[in-house]
Amino acid sequence: MNYGIVTLLPAILVILTAVKSKRTTEPLMLGIASSYLIISVVDHKNYITLMTESFFSVLTDYDTIWLIIVCGLFGSLIAVINEAKGTHAIANFLGKICKSAKSTLFVSWILGIIIFVDDYMNILTISACTKKLADKRKTPREALAYVIDSTGAPVCVLLPFSTWAIFFAGVFYEQDSVKALGYGSAIQTYIHVIPFIFYAIVALIIVPLFILGIIPKIGAMKKAYDRTEKTGKVYSNNSKKLNMNENKESSGEDSNLLDFIIPIATLIVVQLKTDDMFVGLVISLIVCAVMYIPRKKMTGSQFCDLYMKGFADLIPAVAIILFALFMRQASSDLMLPEYVISIIQPLISPKLFPMVAFITVAILGFITGSNWGIPAVCAPIIIPLGTALNVNLLLVMAAIVSGGTFCSHACFYSDATVITSSACGIDNMDHVYTQMPYAILAFIIACVCFLISGFIF
């Protein structure tokens, strides 16, 4: 059922409330409540029943449970490695290479390109490697979070061996018009799309330009640098609650680099072999127990306590992600994607189509926080429409991928944004406000690239 213009109201409320309150969870709750209020009034359904059924539908979904457990287990893994002084060891090792704040950020950027298998693994691993070192080099946590987030999804979509590439290749290859291009398999077709994924390319290039100062520190990012320079504080007062245990951490004496490398390498290898980070985390934690307990790095009881504490440390991030998934379901029930596309479709010309497709997917993704769900919903609509208009389908697919990447990178309640802020120990909205100008810059440049490409290809 089409709910008309009021379909946009919950999304507008979420964005305006988030900007005004500088909070994340409460605006999402408002968006969810208003979405189901509209549905209940228009469809004459019970409001409480709608909300309850939707909530349990989201909570019991396999992907939701997987995400909650994976986030928690990664918190457990980092807590255990940290207690074994593995994070001290990697920070000391990188400290021999990174003599300044700029070199620390450069190494973080390079590591982000190297660890390309999955954006969650990318974000959580690099933050564990570099956070302590960045603090020593008096680098604002906000800058580190921006660099890490910008080498999460943007890197994953540009390499055909990542979880993102596999997902999008599968979504696109379901369309007969994509198979008719004749490039071979789904992945081979996706490889031809990569050169046109302009948002990811631009977002990735902006990072070293930011580090070098060619692109200046602006807005909230400049304030973060000014704060660190004047006070030495690498995070704001809003982030204090996320770093309460910093002073309780042990020294780096007797730290061993292998205590970090072996568990993380195990995680990466198992992820590559099984294509399941949950399995990788479980095996990596078992490896930690085998490595640390016999060497008296910790007792069995301490290991179990740390396991639970680390899991609990990620609960605030998990809560935001859960509400974001609830908001995504509410937007879907309100038929937001279909409504927006129905408005835009009559206005599209072939040459403008790639740019409009990118903007549409990006905005819908930003509103719903669904960097995979929205592209999956839009692809069966946008690709046939592009075929009918005789538009280059490589550009169309790249526009869809770019829109999903923008969502992951820029939406203030996307899973990548929330996980990055949590892993770097800063308030989520601090990360959002410092990163947003650079994400918008990449968005504008990508729009221009898609516009030009629409006329050339």
# chains A, B, ... in the order shown; residues from 1 in each chain; ligands from 1
>>> residues_around(residues="stretch 190-203 of chain A", least_positions_apart="5", cutoff="6 Å", atoms="only C-alpha atoms", output="ChimeraX atom specification")
/A:154,158,169,394,398,402,442,446
>>> write_last_selection(atoms="N, CA, C and O atoms", output="PDB file, in the first residue's frame")
ATOM      1  N   PRO A 154      34.668   1.112   1.563  1.00  0.00           N
ATOM      2  CA  PRO A 154      35.267   1.554   0.294  1.00  0.00           C
ATOM      3  C   PRO A 154      36.320   0.602  -0.258  1.00  0.00           C
ATOM      4  O   PRO A 154      36.415   0.420  -1.477  1.00  0.00           O
ATOM      5  N   LEU A 158      36.006  -2.499  -3.727  1.00  0.00           N
ATOM      6  CA  LEU A 158      36.947  -2.330  -4.838  1.00  0.00           C
ATOM      7  C   LEU A 158      37.802  -3.562  -5.088  1.00  0.00           C
ATOM      8  O   LEU A 158      38.597  -3.584  -6.029  1.00  0.00           O
ATOM      9  N   ALA A 169      27.854  -9.044  -6.372  1.00  0.00           N
ATOM     10  CA  ALA A 169      27.936  -9.846  -7.598  1.00  0.00           C
ATOM     11  C   ALA A 169      26.742 -10.788  -7.690  1.00  0.00           C
ATOM     12  O   ALA A 169      26.136 -10.947  -8.761  1.00  0.00           O
ATOM     13  N   LEU A 394      27.033  -1.363 -16.598  1.00  0.00           N
ATOM     14  CA  LEU A 394      28.184  -1.325 -15.694  1.00  0.00           C
ATOM     15  C   LEU A 394      28.120  -0.068 -14.823  1.00  0.00           C
ATOM     16  O   LEU A 394      28.398  -0.115 -13.623  1.00  0.00           O
ATOM     17  N   ALA A 398      27.490   0.039 -10.787  1.00  0.00           N
ATOM     18  CA  ALA A 398      28.457   0.803  -9.987  1.00  0.00           C
ATOM     19  C   ALA A 398      27.765   1.869  -9.150  1.00  0.00           C
ATOM     20  O   ALA A 398      28.164   2.135  -8.012  1.00  0.00           O
ATOM     21  N   SER A 402      27.977   2.092  -5.200  1.00  0.00           N
ATOM     22  CA  SER A 402      28.446   3.352  -4.612  1.00  0.00           C
ATOM     23  C   SER A 402      27.451   3.892  -3.600  1.00  0.00           C
ATOM     24  O   SER A 402      27.839   4.410  -2.542  1.00  0.00           O
ATOM     25  N   ALA A 442      33.248  13.437  -0.995  1.00  0.00           N
ATOM     26  CA  ALA A 442      33.337  12.261  -1.874  1.00  0.00           C
ATOM     27  C   ALA A 442      32.021  12.038  -2.615  1.00  0.00           C
ATOM     28  O   ALA A 442      32.019  11.664  -3.803  1.00  0.00           O
ATOM     29  N   ALA A 446      31.653  12.081  -6.626  1.00  0.00           N
ATOM     30  CA  ALA A 446      31.102  10.879  -7.262  1.00  0.00           C
ATOM     31  C   ALA A 446      29.908  11.231  -8.140  1.00  0.00           C
ATOM     32  O   ALA A 446      29.745  10.672  -9.235  1.00  0.00           O
TER      33      ALA A 446
END
>>> residues_around(residues="A:Cys129", least_positions_apart="2", cutoff="12 Å", atoms="only C-alpha atoms", output="PDB file with N, CA, C and O atoms, in the first residue's frame")
ATOM      1  N   ILE A  78      39.377  -8.907  21.613  1.00  0.00           N
ATOM      2  CA  ILE A  78      40.257  -7.759  21.860  1.00  0.00           C
ATOM      3  C   ILE A  78      40.560  -7.630  23.353  1.00  0.00           C
ATOM      4  O   ILE A  78      41.693  -7.313  23.746  1.00  0.00           O
ATOM      5  N   ILE A  81      43.191 -10.333  24.169  1.00  0.00           N
ATOM      6  CA  ILE A  81      44.495  -9.985  23.584  1.00  0.00           C
ATOM      7  C   ILE A  81      45.118  -8.812  24.331  1.00  0.00           C
ATOM      8  O   ILE A  81      46.327  -8.784  24.585  1.00  0.00           O
ATOM      9  N   ASN A  82      44.284  -7.860  24.713  1.00  0.00           N
ATOM     10  CA  ASN A  82      44.787  -6.691  25.429  1.00  0.00           C
ATOM     11  C   ASN A  82      45.363  -7.091  26.787  1.00  0.00           C
ATOM     12  O   ASN A  82      46.434  -6.613  27.191  1.00  0.00           O
ATOM     13  N   LYS A  85      48.686  -8.406  26.669  1.00  0.00           N
ATOM     14  CA  LYS A  85      49.623  -7.371  26.238  1.00  0.00           C
ATOM     15  C   LYS A  85      49.947  -7.458  24.749  1.00  0.00           C
ATOM     16  O   LYS A  85      50.945  -6.902  24.291  1.00  0.00           O
ATOM     17  N   GLY A  86      49.087  -8.151  24.009  1.00  0.00           N
ATOM     18  CA  GLY A  86      49.292  -8.237  22.570  1.00  0.00           C
ATOM     19  C   GLY A  86      49.121  -6.908  21.874  1.00  0.00           C
ATOM     20  O   GLY A  86      49.865  -6.590  20.934  1.00  0.00           O
ATOM     21  N   THR A  87      48.147  -6.103  22.332  1.00  0.00           N
ATOM     22  CA  THR A  87      47.942  -4.788  21.715  1.00  0.00           C
ATOM     23  C   THR A  87      49.107  -3.847  22.034  1.00  0.00           C
ATOM     24  O   THR A  87      49.463  -2.994  21.220  1.00  0.00           O
ATOM     25  N   HIS A  88      49.705  -4.002  23.211  1.00  0.00           N
ATOM     26  CA  HIS A  88      50.906  -3.223  23.531  1.00  0.00           C
ATOM     27  C   HIS A  88      52.034  -3.599  22.574  1.00  0.00           C
ATOM     28  O   HIS A  88      52.778  -2.732  22.098  1.00  0.00           O
ATOM     29  N   ALA A  89      52.162  -4.881  22.318  1.00  0.00           N
ATOM     30  CA  ALA A  89      53.240  -5.355  21.457  1.00  0.00           C
ATOM     31  C   ALA A  89      53.107  -4.813  20.044  1.00  0.00           C
ATOM     32  O   ALA A  89      54.093  -4.354  19.439  1.00  0.00           O
ATOM     33  N   ILE A  90      51.892  -4.850  19.485  1.00  0.00           N
ATOM     34  CA  ILE A  90      51.705  -4.355  18.118  1.00  0.00           C
ATOM     35  C   ILE A  90      51.893  -2.844  18.067  1.00  0.00           C
ATOM     36  O   ILE A  90      52.432  -2.297  17.100  1.00  0.00           O
ATOM     37  N   ALA A  91      51.470  -2.159  19.143  1.00  0.00           N
ATOM     38  CA  ALA A  91      51.667  -0.704  19.193  1.00  0.00           C
ATOM     39  C   ALA A  91      53.162  -0.364  19.262  1.00  0.00           C
ATOM     40  O   ALA A  91      53.627   0.558  18.590  1.00  0.00           O
ATOM     41  N   ASN A  92      53.921  -1.127  20.056  1.00  0.00           N
ATOM     42  CA  ASN A  92      55.365  -0.902  20.139  1.00  0.00           C
ATOM     43  C   ASN A  92      56.050  -1.184  18.809  1.00  0.00           C
ATOM     44  O   ASN A  92      56.962  -0.462  18.391  1.00  0.00           O
ATOM     45  N   PHE A  93      55.609  -2.245  18.134  1.00  0.00           N
ATOM     46  CA  PHE A  93      56.195  -2.592  16.839  1.00  0.00           C
ATOM     47  C   PHE A  93      55.913  -1.510  15.798  1.00  0.00           C
ATOM     48  O   PHE A  93      56.821  -1.057  15.089  1.00  0.00           O
ATOM     49  N   LEU A  94      54.646  -1.088  15.705  1.00  0.00           N
ATOM     50  CA  LEU A  94      54.294  -0.050  14.740  1.00  0.00           C
ATOM     51  C   LEU A  94      54.928   1.285  15.111  1.00  0.00           C
ATOM     52  O   LEU A  94      55.207   2.111  14.241  1.00  0.00           O
ATOM     53  N   GLY A  95      55.171   1.472  16.429  1.00  0.00           N
ATOM     54  CA  GLY A  95      55.805   2.710  16.876  1.00  0.00           C
ATOM     55  C   GLY A  95      57.200   2.904  16.320  1.00  0.00           C
ATOM     56  O   GLY A  95      57.678   4.037  16.172  1.00  0.00           O
ATOM     57  N   THR A 104      51.337   7.482  11.492  1.00  0.00           N
ATOM     58  CA  THR A 104      50.416   6.547  12.151  1.00  0.00           C
ATOM     59  C   THR A 104      49.133   6.413  11.353  1.00  0.00           C
ATOM     60  O   THR A 104      48.623   5.308  11.136  1.00  0.00           O
ATOM     61  N   LEU A 105      48.604   7.547  10.893  1.00  0.00           N
ATOM     62  CA  LEU A 105      47.384   7.508  10.089  1.00  0.00           C
ATOM     63  C   LEU A 105      47.633   6.855   8.735  1.00  0.00           C
ATOM     64  O   LEU A 105      46.779   6.126   8.219  1.00  0.00           O
ATOM     65  N   VAL A 107      49.820   4.473   8.086  1.00  0.00           N
ATOM     66  CA  VAL A 107      49.886   3.023   8.312  1.00  0.00           C
ATOM     67  C   VAL A 107      48.483   2.457   8.505  1.00  0.00           C
ATOM     68  O   VAL A 107      48.174   1.362   8.009  1.00  0.00           O
ATOM     69  N   SER A 108      47.628   3.179   9.207  1.00  0.00           N
ATOM     70  CA  SER A 108      46.242   2.735   9.394  1.00  0.00           C
ATOM     71  C   SER A 108      45.535   2.616   8.047  1.00  0.00           C
ATOM     72  O   SER A 108      44.779   1.657   7.803  1.00  0.00           O
ATOM     73  N   TRP A 109      45.785   3.581   7.170  1.00  0.00           N
ATOM     74  CA  TRP A 109      45.194   3.571   5.825  1.00  0.00           C
ATOM     75  C   TRP A 109      45.694   2.379   5.011  1.00  0.00           C
ATOM     76  O   TRP A 109      44.912   1.678   4.360  1.00  0.00           O
ATOM     77  N   LEU A 111      47.007  -0.453   6.204  1.00  0.00           N
ATOM     78  CA  LEU A 111      46.479  -1.678   6.797  1.00  0.00           C
ATOM     79  C   LEU A 111      45.031  -1.907   6.363  1.00  0.00           C
ATOM     80  O   LEU A 111      44.604  -3.048   6.134  1.00  0.00           O
ATOM     81  N   GLY A 112      44.287  -0.815   6.231  1.00  0.00           N
ATOM     82  CA  GLY A 112      42.904  -0.928   5.786  1.00  0.00           C
ATOM     83  C   GLY A 112      42.786  -1.484   4.385  1.00  0.00           C
ATOM     84  O   GLY A 112      41.824  -2.192   4.062  1.00  0.00           O
ATOM     85  N   ILE A 115      43.848  -5.407   4.714  1.00  0.00           N
ATOM     86  CA  ILE A 115      42.839  -6.275   5.352  1.00  0.00           C
ATOM     87  C   ILE A 115      41.491  -5.983   4.686  1.00  0.00           C
ATOM     88  O   ILE A 115      40.659  -5.242   5.210  1.00  0.00           O
ATOM     89  N   MET A 121      35.909  -6.934  10.008  1.00  0.00           N
ATOM     90  CA  MET A 121      37.254  -7.371  10.364  1.00  0.00           C
ATOM     91  C   MET A 121      38.256  -6.239  10.156  1.00  0.00           C
ATOM     92  O   MET A 121      39.139  -6.006  10.992  1.00  0.00           O
ATOM     93  N   ASN A 122      38.095  -5.537   9.059  1.00  0.00           N
ATOM     94  CA  ASN A 122      38.963  -4.407   8.745  1.00  0.00           C
ATOM     95  C   ASN A 122      38.938  -3.383   9.876  1.00  0.00           C
ATOM     96  O   ASN A 122      39.977  -3.018  10.439  1.00  0.00           O
ATOM     97  N   ILE A 123      37.757  -2.947  10.229  1.00  0.00           N
ATOM     98  CA  ILE A 123      37.594  -1.894  11.230  1.00  0.00           C
ATOM     99  C   ILE A 123      38.110  -2.324  12.599  1.00  0.00           C
ATOM    100  O   ILE A 123      38.891  -1.619  13.251  1.00  0.00           O
ATOM    101  N   LEU A 124      37.671  -3.486  13.054  1.00  0.00           N
ATOM    102  CA  LEU A 124      37.997  -3.921  14.403  1.00  0.00           C
ATOM    103  C   LEU A 124      39.459  -4.304  14.559  1.00  0.00           C
ATOM    104  O   LEU A 124      40.084  -4.032  15.589  1.00  0.00           O
ATOM    105  N   THR A 125      40.036  -4.900  13.531  1.00  0.00           N
ATOM    106  CA  THR A 125      41.447  -5.287  13.605  1.00  0.00           C
ATOM    107  C   THR A 125      42.357  -4.068  13.595  1.00  0.00           C
ATOM    108  O   THR A 125      43.294  -3.964  14.408  1.00  0.00           O
ATOM    109  N   ILE A 126      42.098  -3.133  12.686  1.00  0.00           N
ATOM    110  CA  ILE A 126      42.976  -1.960  12.570  1.00  0.00           C
ATOM    111  C   ILE A 126      42.874  -1.078  13.807  1.00  0.00           C
ATOM    112  O   ILE A 126      43.879  -0.528  14.280  1.00  0.00           O
ATOM    113  N   SER A 127      41.680  -0.926  14.353  1.00  0.00           N
ATOM    114  CA  SER A 127      41.550  -0.122  15.573  1.00  0.00           C
ATOM    115  C   SER A 127      42.337  -0.749  16.715  1.00  0.00           C
ATOM    116  O   SER A 127      42.982  -0.037  17.503  1.00  0.00           O
ATOM    117  N   LYS A 131      45.107   2.022  17.862  1.00  0.00           N
ATOM    118  CA  LYS A 131      44.525   2.998  18.791  1.00  0.00           C
ATOM    119  C   LYS A 131      45.526   3.466  19.836  1.00  0.00           C
ATOM    120  O   LYS A 131      45.665   4.676  20.078  1.00  0.00           O
ATOM    121  N   LYS A 132      46.237   2.549  20.471  1.00  0.00           N
ATOM    122  CA  LYS A 132      47.203   2.925  21.504  1.00  0.00           C
ATOM    123  C   LYS A 132      48.327   3.784  20.924  1.00  0.00           C
ATOM    124  O   LYS A 132      48.764   4.763  21.535  1.00  0.00           O
ATOM    125  N   LEU A 133      48.784   3.392  19.732  1.00  0.00           N
ATOM    126  CA  LEU A 133      49.862   4.149  19.100  1.00  0.00           C
ATOM    127  C   LEU A 133      49.393   5.553  18.723  1.00  0.00           C
ATOM    128  O   LEU A 133      50.121   6.535  18.921  1.00  0.00           O
ATOM    129  N   ALA A 134      48.188   5.650  18.196  1.00  0.00           N
ATOM    130  CA  ALA A 134      47.647   6.960  17.838  1.00  0.00           C
ATOM    131  C   ALA A 134      47.543   7.859  19.068  1.00  0.00           C
ATOM    132  O   ALA A 134      47.829   9.065  18.995  1.00  0.00           O
ATOM    133  N   ASP A 135      47.160   7.279  20.206  1.00  0.00           N
ATOM    134  CA  ASP A 135      47.101   8.062  21.444  1.00  0.00           C
ATOM    135  C   ASP A 135      48.484   8.576  21.836  1.00  0.00           C
ATOM    136  O   ASP A 135      48.646   9.727  22.257  1.00  0.00           O
ATOM    137  N   LEU A 144      41.533   9.101  13.591  1.00  0.00           N
ATOM    138  CA  LEU A 144      41.781   7.673  13.410  1.00  0.00           C
ATOM    139  C   LEU A 144      40.510   6.958  12.964  1.00  0.00           C
ATOM    140  O   LEU A 144      40.536   6.124  12.050  1.00  0.00           O
ATOM    141  N   ILE A 148      39.970   4.826   9.497  1.00  0.00           N
ATOM    142  CA  ILE A 148      39.582   3.413   9.561  1.00  0.00           C
ATOM    143  C   ILE A 148      38.255   3.173   8.844  1.00  0.00           C
ATOM    144  O   ILE A 148      38.116   2.222   8.067  1.00  0.00           O
ATOM    145  N   LEU A 257      54.874  -9.880  20.417  1.00  0.00           N
ATOM    146  CA  LEU A 257      54.146  -9.563  19.187  1.00  0.00           C
ATOM    147  C   LEU A 257      53.297 -10.745  18.706  1.00  0.00           C
ATOM    148  O   LEU A 257      52.208 -10.555  18.155  1.00  0.00           O
ATOM    149  N   PHE A 260      49.623 -11.086  19.587  1.00  0.00           N
ATOM    150  CA  PHE A 260      48.651 -10.369  18.760  1.00  0.00           C
ATOM    151  C   PHE A 260      48.523 -11.007  17.384  1.00  0.00           C
ATOM    152  O   PHE A 260      47.421 -11.250  16.890  1.00  0.00           O
ATOM    153  N   ILE A 261      49.667 -11.287  16.769  1.00  0.00           N
ATOM    154  CA  ILE A 261      49.670 -11.737  15.374  1.00  0.00           C
ATOM    155  C   ILE A 261      48.973 -13.082  15.203  1.00  0.00           C
ATOM    156  O   ILE A 261      48.158 -13.257  14.282  1.00  0.00           O
ATOM    157  N   ILE A 264      45.021 -12.944  15.503  1.00  0.00           N
ATOM    158  CA  ILE A 264      44.431 -12.173  14.407  1.00  0.00           C
ATOM    159  C   ILE A 264      44.647 -12.893  13.071  1.00  0.00           C
ATOM    160  O   ILE A 264      43.743 -12.942  12.220  1.00  0.00           O
ATOM    161  N   ALA A 423      34.874   0.897  18.418  1.00  0.00           N
ATOM    162  CA  ALA A 423      36.219   0.320  18.424  1.00  0.00           C
ATOM    163  C   ALA A 423      37.288   1.359  18.721  1.00  0.00           C
ATOM    164  O   ALA A 423      38.313   1.051  19.343  1.00  0.00           O
ATOM    165  N   CYS A 424      37.039   2.593  18.298  1.00  0.00           N
ATOM    166  CA  CYS A 424      38.011   3.665  18.540  1.00  0.00           C
ATOM    167  C   CYS A 424      37.771   4.387  19.865  1.00  0.00           C
ATOM    168  O   CYS A 424      38.522   5.299  20.222  1.00  0.00           O
TER     169      CYS A 424
END
>>> residues_around(residues="A:Leu272", least_positions_apart="5", cutoff="12 Å", atoms="only C-alpha atoms", output="list in words")
Ile115, Phe116, Val117, Asp118, Met121, Phe161, Ser162, Thr163, Ala265, Thr266, Leu267, Met277, Phe278, Val279 and Gly280 of chain A
>>> closest_atom_pairs(of="stretch 18-105 of chain A", to="stretch 210-224 of chain A", cutoff="9 Å", atoms="only C-alpha atoms", output="tab-separated table")
residue	atom	partner	partner_atom	distance
A:Ala101	CA	A:Ile211	CA	8.9
A:Lys102	CA	A:Ile211	CA	6.0
A:Ser103	CA	A:Ile211	CA	8.6
A:Leu105	CA	A:Ile211	CA	6.9
>>> write_last_selection(atoms="N, CA, C and O atoms", output="PDB file, in the first residue's frame")
ATOM      1  N   ALA A 101      52.225  11.583  13.993  1.00  0.00           N
ATOM      2  CA  ALA A 101      50.780  11.373  13.853  1.00  0.00           C
ATOM      3  C   ALA A 101      50.424  11.039  12.411  1.00  0.00           C
ATOM      4  O   ALA A 101      49.587  10.167  12.146  1.00  0.00           O
ATOM      5  N   LYS A 102      51.074  11.725  11.466  1.00  0.00           N
ATOM      6  CA  LYS A 102      50.770  11.484  10.053  1.00  0.00           C
ATOM      7  C   LYS A 102      51.135  10.068   9.636  1.00  0.00           C
ATOM      8  O   LYS A 102      50.362   9.390   8.947  1.00  0.00           O
ATOM      9  N   SER A 103      52.307   9.612  10.035  1.00  0.00           N
ATOM     10  CA  SER A 103      52.725   8.262   9.642  1.00  0.00           C
ATOM     11  C   SER A 103      51.835   7.199  10.285  1.00  0.00           C
ATOM     12  O   SER A 103      51.577   6.154   9.688  1.00  0.00           O
ATOM     13  N   LEU A 105      48.604   7.547  10.893  1.00  0.00           N
ATOM     14  CA  LEU A 105      47.384   7.508  10.089  1.00  0.00           C
ATOM     15  C   LEU A 105      47.633   6.855   8.735  1.00  0.00           C
ATOM     16  O   LEU A 105      46.779   6.126   8.219  1.00  0.00           O
TER      17      LEU A 105
END
>>> closest_residue(among="A:Thr189, A:Gln175, A:Thr434, A:Thr228", to="A:Thr417", atoms="only C-alpha atoms")
A:Thr434
>>> closest_residue(among="A:Pro263, A:Arg295, A:Gly4, A:Gln329", to="A:Ser54", atoms="only C-alpha atoms")
A:Gln329
>>> residues_around(residues="A:Val58", least_positions_apart="3", cutoff="12 Å", atoms="only C-alpha atoms", output="ChimeraX atom specification")
/A:51-55,61-68,321-330,332
>>> write_last_selection(atoms="C-alpha atoms", output="short mmCIF file (atom, residue, chain, number, x, y, z; two decimals), in the first residue's frame")
data_model
loop_
_atom_site.label_atom_id
_atom_site.label_comp_id
_atom_site.auth_asym_id
_atom_site.auth_seq_id
_atom_site.Cartn_x
_atom_site.Cartn_y
_atom_site.Cartn_z
CA MET A 51 5.53 -2.81 16.89
CA THR A 52 5.86 -6.05 18.85
CA GLU A 53 5.68 -8.34 15.81
CA SER A 54 8.20 -6.25 13.91
CA PHE A 55 10.61 -6.10 16.84
CA ASP A 61 16.34 -12.94 12.23
CA TYR A 62 19.45 -15.05 11.62
CA ASP A 63 21.48 -12.10 10.31
CA THR A 64 20.61 -10.00 13.36
CA ILE A 65 21.64 -12.74 15.78
CA TRP A 66 24.84 -13.34 13.80
CA LEU A 67 25.72 -9.65 13.88
CA ILE A 68 25.10 -9.32 17.64
CA ILE A 321 22.77 -1.48 15.46
CA LEU A 322 19.68 -3.36 16.68
CA PHE A 323 17.59 -0.18 16.64
CA ALA A 324 19.00 0.64 13.19
CA LEU A 325 17.85 -2.78 11.95
CA PHE A 326 14.45 -2.13 13.54
CA MET A 327 14.31 1.23 11.72
CA ARG A 328 15.22 -0.50 8.46
CA GLN A 329 12.33 -2.92 8.93
CA ALA A 330 9.97 -0.05 9.75
CA SER A 332 10.47 -1.39 4.59
#
>>> atom_distance(atom1="atom CA of A:Ala153", atom2="atom CA of A:Asn237")
28.6 Å
>>> residues_around(residues="A:Met429", least_positions_apart="6", cutoff="10 Å", atoms="only C-alpha atoms", output="NGL selection string")
:A and (18-19 or 21-24 or 238-239 or 412-413 or 417-418 or 421 or 435)
>>> write_last_selection(atoms="all heavy atoms", output="CSV table (one decimal), in the first residue's frame")
chain,number,residue,atom,x,y,z
A,18,ALA,N,18.4,13.7,15.3
A,18,ALA,CA,19.8,13.3,15.5
A,18,ALA,C,20.7,14.5,15.5
A,18,ALA,O,21.6,14.7,16.3
A,18,ALA,CB,20.2,12.3,14.5
A,19,VAL,N,20.4,15.4,14.5
A,19,VAL,CA,21.2,16.6,14.4
A,19,VAL,C,21.0,17.5,15.6
A,19,VAL,O,22.0,18.1,16.1
A,19,VAL,CB,20.9,17.4,13.1
A,19,VAL,CG1,21.5,18.7,13.0
A,19,VAL,CG2,21.3,16.6,11.8
A,21,SER,N,19.8,16.7,18.7
A,21,SER,CA,20.2,16.1,20.0
A,21,SER,C,21.6,15.6,20.1
A,21,SER,O,22.1,15.3,21.2
A,21,SER,CB,19.2,15.0,20.3
A,21,SER,OG,19.4,13.9,19.4
A,22,LYS,N,22.2,15.4,18.9
A,22,LYS,CA,23.5,14.7,18.8
A,22,LYS,C,23.6,13.4,19.5
A,22,LYS,O,24.5,13.0,20.1
A,22,LYS,CB,24.6,15.6,19.4
A,22,LYS,CG,24.8,17.0,18.7
A,22,LYS,CD,25.9,17.8,19.3
A,22,LYS,CE,26.1,19.1,18.5
A,22,LYS,NZ,27.1,20.0,19.0
A,23,ARG,N,22.4,12.7,19.4
A,23,ARG,CA,22.3,11.4,19.9
A,23,ARG,C,21.9,10.4,18.8
A,23,ARG,O,21.6,10.9,17.7
A,23,ARG,CB,21.2,11.3,21.0
A,23,ARG,CG,21.4,12.2,22.2
A,23,ARG,CD,22.3,11.6,23.2
A,23,ARG,NE,21.6,10.4,23.8
A,23,ARG,CZ,22.2,9.7,24.7
A,23,ARG,NH1,23.5,10.0,25.1
A,23,ARG,NH2,21.6,8.6,25.2
A,24,THR,N,22.0,9.1,19.0
A,24,THR,CA,21.7,8.1,18.0
A,24,THR,C,20.5,7.3,18.3
A,24,THR,O,19.6,7.1,17.4
A,24,THR,CB,23.0,7.2,17.8
A,24,THR,OG1,24.1,8.0,17.5
A,24,THR,CG2,22.7,6.3,16.6
A,238,ASN,N,32.5,13.8,25.7
A,238,ASN,CA,31.4,12.9,25.4
A,238,ASN,C,31.8,11.5,25.4
A,238,ASN,O,31.1,10.5,25.5
A,238,ASN,CB,30.8,13.3,24.1
A,238,ASN,CG,30.1,14.6,24.1
A,238,ASN,OD1,29.6,15.1,25.1
A,238,ASN,ND2,30.0,15.2,22.9
A,239,SER,N,33.1,11.3,25.1
A,239,SER,CA,33.7,9.9,25.0
A,239,SER,C,34.3,9.4,26.2
A,239,SER,O,34.8,8.2,26.2
A,239,SER,CB,34.7,9.9,23.8
A,239,SER,OG,34.2,10.4,22.6
A,412,PHE,N,24.8,7.8,10.1
A,412,PHE,CA,25.2,7.9,11.5
A,412,PHE,C,24.8,6.7,12.3
A,412,PHE,O,25.3,6.5,13.4
A,412,PHE,CB,24.8,9.2,12.2
A,412,PHE,CG,23.3,9.4,12.3
A,412,PHE,CD1,22.5,8.8,13.3
A,412,PHE,CD2,22.6,10.1,11.3
A,412,PHE,CE1,21.2,9.0,13.3
A,412,PHE,CE2,21.3,10.3,11.3
A,412,PHE,CZ,20.5,9.7,12.3
A,413,TYR,N,23.9,5.8,11.8
A,413,TYR,CA,23.6,4.6,12.5
A,413,TYR,C,23.8,3.4,11.7
A,413,TYR,O,23.3,2.3,12.0
A,413,TYR,CB,22.2,4.6,13.1
A,413,TYR,CG,21.1,5.0,12.1
A,413,TYR,CD1,20.5,4.0,11.3
A,413,TYR,CD2,20.7,6.3,12.0
A,413,TYR,CE1,19.5,4.4,10.4
A,413,TYR,CE2,19.7,6.7,11.1
A,413,TYR,CZ,19.1,5.7,10.3
A,413,TYR,OH,18.1,6.0,9.4
A,417,THR,N,29.7,2.5,10.8
A,417,THR,CA,29.9,3.8,11.6
A,417,THR,C,29.9,3.5,13.1
A,417,THR,O,30.7,4.0,13.8
A,417,THR,CB,28.8,4.8,11.2
A,417,THR,OG1,28.9,5.1,9.8
A,417,THR,CG2,29.0,6.1,12.0
A,418,VAL,N,28.9,2.8,13.5
A,418,VAL,CA,28.7,2.5,14.9
A,418,VAL,C,29.9,1.6,15.5
A,418,VAL,O,30.5,1.9,16.5
A,418,VAL,CB,27.4,1.8,15.2
A,418,VAL,CG1,27.3,1.3,16.7
A,418,VAL,CG2,26.2,2.7,14.9
A,421,SER,N,33.2,3.8,15.7
A,421,SER,CA,33.2,4.7,16.8
A,421,SER,C,33.4,3.9,18.1
A,421,SER,O,34.2,4.3,19.0
A,421,SER,CB,31.9,5.5,16.9
A,421,SER,OG,30.8,4.7,17.0
A,435,GLN,N,33.5,13.0,10.4
A,435,GLN,CA,33.7,12.3,9.1
A,435,GLN,C,32.8,12.9,8.0
A,435,GLN,O,33.2,12.9,6.9
A,435,GLN,CB,33.3,10.9,9.3
A,435,GLN,CG,33.4,10.0,8.1
A,435,GLN,CD,33.3,8.6,8.3
A,435,GLN,OE1,34.4,7.9,8.4
A,435,GLN,NE2,32.1,8.0,8.4
>>> residues_around(residues="A:Pro337", least_positions_apart="6", cutoff="12 Å", atoms="only C-alpha atoms", output="PyMOL selection string")
chain A and resi 2-3+7-8+11+328-331+343-345+360-368+370+373-379+381-382
>>> atom_distance(atom1="atom CA of A:Ala186", atom2="atom CA of A:Pro160")
10.3 Å
>>> closest_residue(among="A:Pro294, A:Gly300, A:Pro10, A:Pro354", to="A:Val448", atoms="only C-alpha atoms")
A:Pro354
